[in-house]
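Enquirer: Below is one structure. I have some questions about it.
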Amino acid sequence: MSFKIDEEFVLQENQKALSWLGEDYAHLGRQLARRGVEIERLVERATAFRAAVPSWGVGTGGTRFARFAGPGEPRSVFEKLDDCEAIERLVRVTPGISLHIPWDEPESPAELKAYATARGLFFDSMNSNTFQDQPGQKRSYKFGSLTHADAAVRRQAVEHNLHCLELGVKLGARSHTVWIGDGGNFPGQVHFRRTLERYLDSLRAIYAALPDGFRMFIEHKLYEPAFYSTVLNDWGTSYYCTRELGERAFSLVDLGHHAPNVNIEMIVARLIQFGKLAGFHFNDSKYGDDDLDAGSIKPFQLFLIFHELVDAELDATPGFDPAYMLDQSHNVTDPVESLMTSAVELLRAYVQAHLVDRAALGEAQEKNDAITALQLLKQAFTTDVGPILAMARHRAGGAVDPLAVYRASGYRGHKARERPATARQGAGIV
Ligand code: RM4
Ligand code: MN
Ligand code: MN
């Protein structure tokens with residue numbers, strides 16, 4: 001029998017916190033009422049918020065130097081789903097899962113789908129992987145995949161994506177995300193225009209096979225593993241490609257995939273305005289694609305991004321339907337703890353963004369009153385919305401304090417006993 005965090009146990013633990021939660025909630029409610037905001041409306045928003053968890057994020061990650069395995073790591077896609085279920089039980093905003101193929105290739109898609117459904121989970125986005133070679137693979141991706149000089153390698157990479165689409169249909173997914181590592185390590189190694197042309201040709205073949213109701217997301221990245229030039233390197237190139245492909249192609253923004261100091265919230269606003277925002281791979285970074293926990297380094301940036309998103313949501317911008325997903329690598333923390341707290345940070349930024357007084361902000365902008373405009377954003381960002389998040393979780397059957405309840409449940413210890421380490425665990429990003 002596999003250990004689960006019992007719903008009764010969550011309720012019991014919540015009892016300990018309910019008196020202070022009631023007090024803090026009432027106090028915040030009065031404070032917000034003075035600002036003309038009804039707290040219950042915010043709880044409704046928080047309850048409806050969703051962010052998908054990456055299947056590859058529940059295993060311990062690593063760096064290019066080493067990976068230090070953690071206790072009780074999931075050894076199969078089913079065990080990964082068990083961890084996703086634990087996360088969802090406590091935070092109640094993460095029923096969706098992004099799946100990586102072939103890391104999570106199921107023997108029986110029907111069985112995997114049933115396993116997820118039985119746990120209140122579903123598959124959101126499929127992710128192809130042509131950035132590494134798989135055992136038994138005919139041709140190597142060492143020098144590229146969808147943009148490789150050899151048409152046979154490109155074909156193999158396209159075929160893999162078509163396979164992901166087929167699988168996605170069987171699993172009930174609704175989007176397909178393509179990220180490739182193709183590029184060059186040295187000046188002159190690849191022909192910039194020719195490789196982009198090949199990229200588009202390959203993508204057109206994948207796009208042509210998009211199942212009904214599916215959207216295609218392409219994910220740009222500035223560098224790594226290619227250290228000099230990457231084929232799909234920035235949002236502008238991504239936008240161009242999604243335009244070329246058609247109306248079901250969108251640009252995905254991974255927060256760690258930009259040059260340092262780039263104004264990401266502005267990129268987000270541009271993609272919204274052009275009707276091409278796919279959604280996000282949320283994470284945080286200090287230097288590069290660090291894959292740190294969302295909101296851990298630049299929480300104000302996260303808030304400013306959500307400020308743009310909520311603005312579009314409230315404007316009822318046509319076609320605005322971003323997919324919120326986490327994409328992180330947990331090297332020194334318990335991945336379940338990191339994913340739970342990251343999901344909470346997204347929710348925090350989302351609710352805070354709803355606190356922005358947009359009428360006053362618009363007025364300040366028209367009057368060129370920069371200081372008031374900034375203060376309006378800061379007022380929202382510095383409001384402690386914790387009681388709103390906790391109340392939303394509690395009402396949905398989740399934990400008032402997810403981290404405390406997770407630790408009190410002893411989940412990791414149980415899993416360490418149930419899942420003795422195997423020699424090679426395909427967990428996480430190395
Ligand atoms: C990449 C990118 C992709 C993710 C891989 C594992 O840097 O962020 O989204 O699938 O890492
Ligand atoms: Mn990503
Ligand atoms: Mn990344």
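We name chains A, B, ... following the order of the structure tokens; residues begin at 1 in each chain, and ligands are numbered from 1 as shown.
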Around ligand 2, which protein and nucleic acid residues have at least one atom no more than 9 Å from it, if we count only C-alpha atoms and all ligand atoms? List them as a tab-separated table (two decimals) with N, CA, C and O atoms, in the first residue's frame.

Expert:
```
chain	number	residue	atom	x	y	z
A	179	TRP	N	10.49	22.31	-26.98
A	179	TRP	CA	11.72	23.04	-26.70
A	179	TRP	C	12.88	22.23	-27.26
A	179	TRP	O	12.94	21.01	-27.05
A	219	GLU	N	8.95	27.07	-27.19
A	219	GLU	CA	9.65	27.66	-26.05
A	219	GLU	C	11.04	28.11	-26.47
A	219	GLU	O	11.87	27.30	-26.87
A	220	HIS	N	11.27	29.41	-26.37
A	220	HIS	CA	12.59	29.92	-26.74
A	220	HIS	C	13.53	29.87	-25.53
A	220	HIS	O	13.09	29.74	-24.39
A	221	LYS	N	14.80	29.97	-25.81
A	221	LYS	CA	15.79	30.01	-24.73
A	221	LYS	C	17.06	30.64	-25.27
A	221	LYS	O	17.49	30.32	-26.37
A	252	LEU	N	5.72	30.32	-25.74
A	252	LEU	CA	5.78	30.03	-24.32
A	252	LEU	C	6.94	30.78	-23.67
A	252	LEU	O	8.04	30.83	-24.20
A	253	VAL	N	6.66	31.36	-22.52
A	253	VAL	CA	7.68	32.14	-21.80
A	253	VAL	C	8.15	31.36	-20.58
A	253	VAL	O	7.39	31.14	-19.64
A	254	ASP	N	9.41	30.93	-20.63
A	254	ASP	CA	10.05	30.33	-19.45
A	254	ASP	C	10.86	31.46	-18.82
A	254	ASP	O	11.69	32.07	-19.48
A	255	LEU	N	10.59	31.73	-17.55
A	255	LEU	CA	11.21	32.92	-16.94
A	255	LEU	C	12.74	32.87	-16.91
A	255	LEU	O	13.39	33.90	-16.83
A	256	GLY	N	13.31	31.68	-17.00
A	256	GLY	CA	14.77	31.58	-16.94
A	256	GLY	C	15.46	31.63	-18.29
A	256	GLY	O	16.67	31.42	-18.38
A	257	HIS	N	14.71	31.90	-19.34
A	257	HIS	CA	15.26	31.76	-20.68
A	257	HIS	C	15.53	33.09	-21.39
A	257	HIS	O	15.46	33.17	-22.61
A	280	PHE	N	3.28	29.91	-19.52
A	280	PHE	CA	4.56	30.04	-18.81
A	280	PHE	C	5.14	28.73	-18.35
A	280	PHE	O	4.43	27.78	-18.07
A	281	HIS	N	6.46	28.77	-18.26
A	281	HIS	CA	7.19	27.85	-17.41
A	281	HIS	C	7.71	28.74	-16.30
A	281	HIS	O	8.67	29.49	-16.49
A	282	PHE	N	7.07	28.69	-15.15
A	282	PHE	CA	7.48	29.52	-14.03
A	282	PHE	C	8.64	28.89	-13.28
A	282	PHE	O	8.65	27.67	-13.05
A	283	ASN	N	9.57	29.73	-12.92
A	283	ASN	CA	10.72	29.37	-12.08
A	283	ASN	C	11.38	30.70	-11.76
A	283	ASN	O	10.88	31.75	-12.17
A	289	ASP	N	19.50	29.97	-16.62
A	289	ASP	CA	18.33	29.10	-16.50
A	289	ASP	C	18.47	28.30	-15.21
A	289	ASP	O	18.62	27.08	-15.23
A	291	ASP	N	16.43	27.59	-12.82
A	291	ASP	CA	15.32	26.71	-12.43
A	291	ASP	C	15.04	26.70	-10.93
A	291	ASP	O	14.70	25.66	-10.36
A	325	MET	N	2.30	26.97	-15.97
A	325	MET	CA	2.99	25.72	-15.62
A	325	MET	C	4.27	26.05	-14.86
A	325	MET	O	4.87	27.10	-15.07
A	326	LEU	N	4.67	25.14	-14.00
A	326	LEU	CA	5.96	25.29	-13.32
A	326	LEU	C	6.99	24.50	-14.12
A	326	LEU	O	6.66	23.47	-14.73
A	327	ASP	N	8.21	24.98	-14.15
A	327	ASP	CA	9.32	24.20	-14.74
A	327	ASP	C	10.54	24.51	-13.89
A	327	ASP	O	11.17	25.55	-14.05
A	328	GLN	N	10.84	23.64	-12.96
A	328	GLN	CA	11.92	23.90	-12.01
A	328	GLN	C	12.77	22.65	-11.83
A	328	GLN	O	12.36	21.54	-12.17
```

Enquirer: Find the spatial neighbours of A:Arg204, counting only C-alpha atoms, within a cut-off of 10 Å - ignore same-chain residues fewer than 6 positions away - and output them as a PyMOL selection string.

Expert: chain A and resi 158+198+210+241+244-246

Enquirer: Would you mind exporting the chosen residues as a compact mmCIF listing (two decimals), in the first residue's frame, restricted to N, CA, C and O atoms?

Expert:
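Saved file part.txt follows:
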```txt
# COMPACT_ATOMS: atom_id res chain seq x y z
N VAL A 158 10.95 14.96 -35.88
CA VAL A 158 9.54 15.26 -36.17
C VAL A 158 8.68 14.08 -35.75
O VAL A 158 7.65 14.24 -35.08
N ARG A 198 15.01 25.58 -41.44
CA ARG A 198 14.78 24.15 -41.17
C ARG A 198 13.88 23.97 -39.95
O ARG A 198 13.04 23.06 -39.93
N LEU A 210 -1.38 18.55 -35.65
CA LEU A 210 -1.99 18.92 -34.36
C LEU A 210 -3.41 18.37 -34.26
O LEU A 210 -4.25 18.67 -35.11
N CYS A 241 7.86 32.89 -35.61
CA CYS A 241 7.58 31.49 -35.97
C CYS A 241 6.11 31.14 -35.73
O CYS A 241 5.49 30.45 -36.54
N GLU A 244 4.10 32.45 -38.49
CA GLU A 244 4.28 31.66 -39.70
C GLU A 244 3.48 30.36 -39.65
O GLU A 244 2.97 29.89 -40.66
N LEU A 245 3.39 29.80 -38.45
CA LEU A 245 2.76 28.48 -38.33
C LEU A 245 1.24 28.54 -38.42
O LEU A 245 0.62 27.72 -39.10
N GLY A 246 0.65 29.47 -37.72
CA GLY A 246 -0.81 29.54 -37.77
C GLY A 246 -1.43 29.85 -36.44
O GLY A 246 -0.73 30.03 -35.43
```

Enquirer: Using only C-alpha atoms, can you tell me which of A:Asp133, A:Glu247, A:Glu111, A:Asp150 comes closest to A:Lys170?

Expert: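 The closest residue to A:Lys170 is A:Glu111.
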
Enquirer: Just how far from atom CA of A:Leu302 is atom CA of A:Asp182, in Å to one decimal?

Expert: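 The value is 28.4 Å.
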
Enquirer: Neighbours of stretch 50-56 of chain A within 9 Å (only C-alpha atoms; same-chain residues fewer than 4 positions away dropped), as a ChimeraX atom specification?

Expert: /A:46,60-61,77,80-81,84,87,92-100,103-104,123-125,323-329,339,343,346-347,426-429

Enquirer: Between atom CA of A:Ala209 and atom CA of A:Leu162, measure the distance and give it in Å to one decimal.

Expert: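 Atom CA of A:Ala209 sits 7.0 Å away from atom CA of A:Leu162.
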
Enquirer: For a quick check of understanding, using only C-alpha atoms, which of A:Ala114, A:Thr147, A:Glu38, A:Glu105 has the smallest distance to A:Gln134?

Expert: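 Closest to A:Gln134, using only C-alpha atoms: A:Glu105.
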
Enquirer: Between A:Tyr239, A:Tyr287, A:Tyr411, A:Phe3, which residue has the minimum interatomic distance to A:Ile272, considering only C-alpha atoms?

Expert: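 Under the stated criterion, the closest residue is A:Tyr239.
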